[in-house]
Amino acid sequence: MDITQDFIDERFKAYVLEMFCGNRERIHTSDVDHIESLKLANQGYSSLRGIEHFKCLEELDCSSNHLIELDISSNINLKTLNCGFNRIRNLDVSHNNQLAKLVCYWNILSELRLDQNTNLRELDCSYNSLFDLQLECNSQLIYLNCGNNYLINLSIEGCVDLIEIRCNHNHLTKLDITGSPKLQSLRCFNNHIAELELSHNALITELYCAENKIIKLDTHHNPKLEGVDYSNNLIMEPDHTVQGVGAFEYDVSFPSYKSALQFMEQELSLRANVSNKADIERLSPIIKKVWANLTELNDKALNRIAELHPDEDVSELVLSELEFDKDNMFRLGYNAGETPAGHLYIYVAFNNELEIIGDLVYETY
């Protein structure tokens with residue numbers, strides 16, 4: 001049967017004629033009804049009408065085109081669909097119950113119904129205009145990215161196999177992950193979540209929940225947790241005292257731990273760039289070690305600056321900052337006074353063996 005007239009996009013028609021029709025001028029059903037895979041990304045297509053004749057199609061990549069609609073209701077064997085970076089407003093996948101991977105990010109979708117797609121394993125619908133996402137029927141889902149939408153509701157009850165969730169930059173006020181015991185990575189930052197229950201997620205290794213309204217976060221049941229950021233919530237960490245050094249106060253605005261101590265009759269600002277009690281406790285030994293050897297370290301740093309600036313009088317430099325990072329590296333910061341470019345600070349970095357590393361860093365404010 002001649003189906004040439006169904007292909008209204010001239011570029012798509014030309015592609016089909018060249019690839020499957022031996023450069024004939026007409027397209028027949030028999031030319032395309034056995035094709036299982038189409039790679040059509042970044043071709044400038046404005047329509048894929050005619051795709052309905054690809055009855056055996058299992059894989060379709062039509063990302064980065066100019067599509068405003070996509071009808072795949074006749075492609076019932078479809079298992080993988082990537083239609084990201086288009087202008088699609090409506091996407092009906094109710095006839096595609098074999099679909100295992102759906103990538104539809106960067107479109108204009110305001111609704112996405114997936115209750116018929118019980119075989120779905122991977123879903124990326126980020127950067128759309130979704131307000132609600134119901135995934136109770138998608139129990140085989142292992143990867144979910146619905147970030148950068150307008151979601152006020154995300155239901156993942158029954159998604160017991162989920163390993164990774166990205167729902168950042170939405171308007172969620174709650175998120176229930178207790179039914180996803182295999183979860184390893186959660187990115188839910190920039191929402192309005194007030195509570196996050198983690199007691200059922202013993203395998204989680206990565207948690208980024210900054211910019212929410214969380215008051216308390218209990219991670220005692222998460223022994224594998226390594227990467228974590230819960231800054232800019234309503235959580236207040238307790239102050240911490242390093243024996244032989246002094247008290248460090250939690251700074252919720254940064255977040256970090258800070259202290260102000262006296263060194264050589266000058267006030268010295270100390271900051272540990274960590275956001276929780278556990279991390280400041282792990283840094284305590286290096287803080288204590290540095291403080292005990294600070295006079296020697298100060299001399300080392302000034303000598304290095306003098307070597308690089310032999311014409312300058314380093315005795316006028318004032319040690320004003322001592323900053324620690326999570327990896328046990330630290331740096332001494334010197335107030336060098338006013339310059340035409342602004343107020344100059346010179347930083348000398350050290351490793352945990354108290355050895356100078358890297359080049360001097362110059363910053364103006």
# chains A, B, ... in the order shown; residues from 1 in each chain; ligands from 1
call {"tool": "residues_around", "arguments": {"residues": "range 4-6 of chain A", "least_positions_apart": "5", "cutoff": "10 Å", "atoms": "only C-alpha atoms", "output": "list in words"}}
result
Lys13, Val16, Leu17, Glu25, Arg26, Ile27, His28, Thr29, Leu48, Arg49, Gly50, Ile51, Glu52 and His53 of chain A
call {"tool": "residues_around", "arguments": {"residues": "Glu226 in chain A", "least_positions_apart": "2", "cutoff": "7 Å", "atoms": "only C-alpha atoms", "output": "number ranges by chain"}}
result
A: 205-206, 224, 228
call {"tool": "write_last_selection", "arguments": {"atoms": "N, CA and C atoms", "output": "short mmCIF file (atom, residue, chain, number, x, y, z; two decimals), in the first residue's frame"}}
result
data_model
loop_
_atom_site.label_atom_id
_atom_site.label_comp_id
_atom_site.auth_asym_id
_atom_site.auth_seq_id
_atom_site.Cartn_x
_atom_site.Cartn_y
_atom_site.Cartn_z
N THR A 205 23.31 6.38 49.53
CA THR A 205 24.68 6.88 49.61
C THR A 205 24.78 8.36 49.30
N GLU A 206 23.75 8.91 48.65
CA GLU A 206 23.81 10.30 48.20
C GLU A 206 22.48 10.99 48.51
N LYS A 224 25.56 3.95 54.84
CA LYS A 224 26.31 4.08 53.59
C LYS A 224 26.34 5.53 53.08
N VAL A 228 26.27 14.27 51.15
CA VAL A 228 25.07 14.84 51.76
C VAL A 228 25.17 16.36 51.80
#
call {"tool": "residues_around", "arguments": {"residues": "Ala260 in chain A", "least_positions_apart": "4", "cutoff": "9 Å", "atoms": "only C-alpha atoms", "output": "ChimeraX atom specification"}}
result
/A:246-248,267-271
call {"tool": "atom_distance", "arguments": {"atom1": "CA of Tyr208 in chain A", "atom2": "CA of Asp132 in chain A"}}
result
21.7 Å
call {"tool": "residues_around", "arguments": {"residues": "Pro340 in chain A", "least_positions_apart": "4", "cutoff": "12 Å", "atoms": "only C-alpha atoms", "output": "number ranges by chain"}}
result
A: 344, 364-365
call {"tool": "closest_residue", "arguments": {"among": "A:Ile235, A:Leu130, A:Leu141, A:Ile193", "to": "Leu112 in chain A", "atoms": "only C-alpha atoms"}}
result
A:Leu130
call {"tool": "closest_residue", "arguments": {"among": "A:Asp229, A:Glu265, A:Asp279, A:Asp218", "to": "Glu197 in chain A", "atoms": "only C-alpha atoms"}}
result
A:Asp218
call {"tool": "residues_around", "arguments": {"residues": "range 282-295 of chain A", "least_positions_apart": "5", "cutoff": "8 Å", "atoms": "only C-alpha atoms", "output": "list in words"}}
result
Val242, Gln243, Gly244, Val245, Phe324, Lys326, Asn328, Asn352 and Leu354 of chain A
call {"tool": "write_last_selection", "arguments": {"atoms": "C-alpha atoms", "output": "mmCIF file, in the first residue's frame"}}
result
data_model
loop_
_atom_site.group_PDB
_atom_site.id
_atom_site.type_symbol
_atom_site.label_atom_id
_atom_site.label_comp_id
_atom_site.auth_asym_id
_atom_site.auth_seq_id
_atom_site.Cartn_x
_atom_site.Cartn_y
_atom_site.Cartn_z
ATOM 1 C CA VAL A 242 37.641 21.321 69.706
ATOM 2 C CA GLN A 243 39.624 20.546 72.822
ATOM 3 C CA GLY A 244 42.613 22.823 73.184
ATOM 4 C CA VAL A 245 41.337 25.190 70.505
ATOM 5 C CA PHE A 324 39.507 24.124 56.741
ATOM 6 C CA LYS A 326 36.297 18.575 54.314
ATOM 7 C CA ASN A 328 41.588 17.920 55.675
ATOM 8 C CA ASN A 352 47.146 17.383 56.175
ATOM 9 C CA LEU A 354 51.286 20.518 57.198
#
call {"tool": "atom_distance", "arguments": {"atom1": "CA of Trp106 in chain A", "atom2": "CA of Asn233 in chain A"}}
result
28.6 Å
call {"tool": "select_by_dssp", "arguments": {"residues": "range 120-328 of chain A", "states": "helix (DSSP H, G or I)", "output": "JSON, numbers by chain"}}
result
{"A": [277, 278, 279, 280, 281, 282, 283, 284, 285, 286, 287, 288, 289, 290, 291, 292, 294, 295, 296, 297, 298, 299, 300, 301, 302, 303, 304, 305, 306, 307, 308, 314, 315, 316]}
call {"tool": "write_last_selection", "arguments": {"atoms": "C-alpha atoms", "output": "PDB file, in the first residue's frame"}}
result
ATOM      1  CA  LYS A 277      28.166  17.785  63.391  1.00  0.00           C
ATOM      2  CA  ALA A 278      29.631  14.510  62.118  1.00  0.00           C
ATOM      3  CA  ASP A 279      31.917  16.265  59.640  1.00  0.00           C
ATOM      4  CA  ILE A 280      33.200  18.843  62.119  1.00  0.00           C
ATOM      5  CA  GLU A 281      33.991  15.988  64.496  1.00  0.00           C
ATOM      6  CA  ARG A 282      36.021  14.291  61.752  1.00  0.00           C
ATOM      7  CA  LEU A 283      37.908  17.547  61.150  1.00  0.00           C
ATOM      8  CA  SER A 284      38.677  18.101  64.830  1.00  0.00           C
ATOM      9  CA  PRO A 285      42.052  16.261  64.840  1.00  0.00           C
ATOM     10  CA  ILE A 286      43.488  18.345  61.983  1.00  0.00           C
ATOM     11  CA  ILE A 287      42.110  21.553  63.517  1.00  0.00           C
ATOM     12  CA  LYS A 288      43.797  20.681  66.794  1.00  0.00           C
ATOM     13  CA  LYS A 289      47.051  19.767  65.023  1.00  0.00           C
ATOM     14  CA  VAL A 290      47.127  22.993  63.024  1.00  0.00           C
ATOM     15  CA  TRP A 291      46.366  25.141  66.050  1.00  0.00           C
ATOM     16  CA  ALA A 292      49.214  23.537  67.995  1.00  0.00           C
ATOM     17  CA  LEU A 294      50.199  27.572  63.969  1.00  0.00           C
ATOM     18  CA  THR A 295      53.274  29.674  64.798  1.00  0.00           C
ATOM     19  CA  GLU A 296      55.475  27.421  62.675  1.00  0.00           C
ATOM     20  CA  LEU A 297      52.890  27.295  59.871  1.00  0.00           C
ATOM     21  CA  ASN A 298      52.614  31.075  59.919  1.00  0.00           C
ATOM     22  CA  ASP A 299      56.381  31.369  59.504  1.00  0.00           C
ATOM     23  CA  LYS A 300      56.326  28.882  56.606  1.00  0.00           C
ATOM     24  CA  ALA A 301      53.586  30.781  54.846  1.00  0.00           C
ATOM     25  CA  LEU A 302      55.259  34.170  55.272  1.00  0.00           C
ATOM     26  CA  ASN A 303      58.555  32.762  53.998  1.00  0.00           C
ATOM     27  CA  ARG A 304      56.818  31.421  50.883  1.00  0.00           C
ATOM     28  CA  ILE A 305      55.182  34.797  50.240  1.00  0.00           C
ATOM     29  CA  ALA A 306      58.552  36.527  50.778  1.00  0.00           C
ATOM     30  CA  GLU A 307      60.235  34.185  48.269  1.00  0.00           C
ATOM     31  CA  LEU A 308      57.709  35.101  45.612  1.00  0.00           C
ATOM     32  CA  VAL A 314      55.836  40.528  54.593  1.00  0.00           C
ATOM     33  CA  SER A 315      56.057  41.606  58.227  1.00  0.00           C
ATOM     34  CA  GLU A 316      53.163  43.949  57.503  1.00  0.00           C
TER      35      GLU A 316
END
call {"tool": "atom_distance", "arguments": {"atom1": "CA of Asn117 in chain A", "atom2": "CA of Asn149 in chain A"}}
result
21.1 Å
call {"tool": "residues_around", "arguments": {"residues": "range 90-101 of chain A", "least_positions_apart": "2", "cutoff": "6 Å", "atoms": "only C-alpha atoms", "output": "list of chain:residue names"}}
result
A:Ser73, A:Ile76, A:Leu78, A:Lys79, A:Thr80, A:Ile88, A:Leu109, A:Gln116, A:Asn117, A:Asn119, A:Leu120, A:Arg121, A:Glu122
call {"tool": "closest_residue", "arguments": {"among": "A:His169, A:Lys258, A:Lys55, A:Arg187", "to": "Glu36 in chain A", "atoms": "only C-alpha atoms"}}
result
A:Lys55
call {"tool": "closest_residue", "arguments": {"among": "A:Gly333, A:Gly84, A:Gly147, A:Pro310", "to": "Ile346 in chain A", "atoms": "only C-alpha atoms"}}
result
A:Gly333
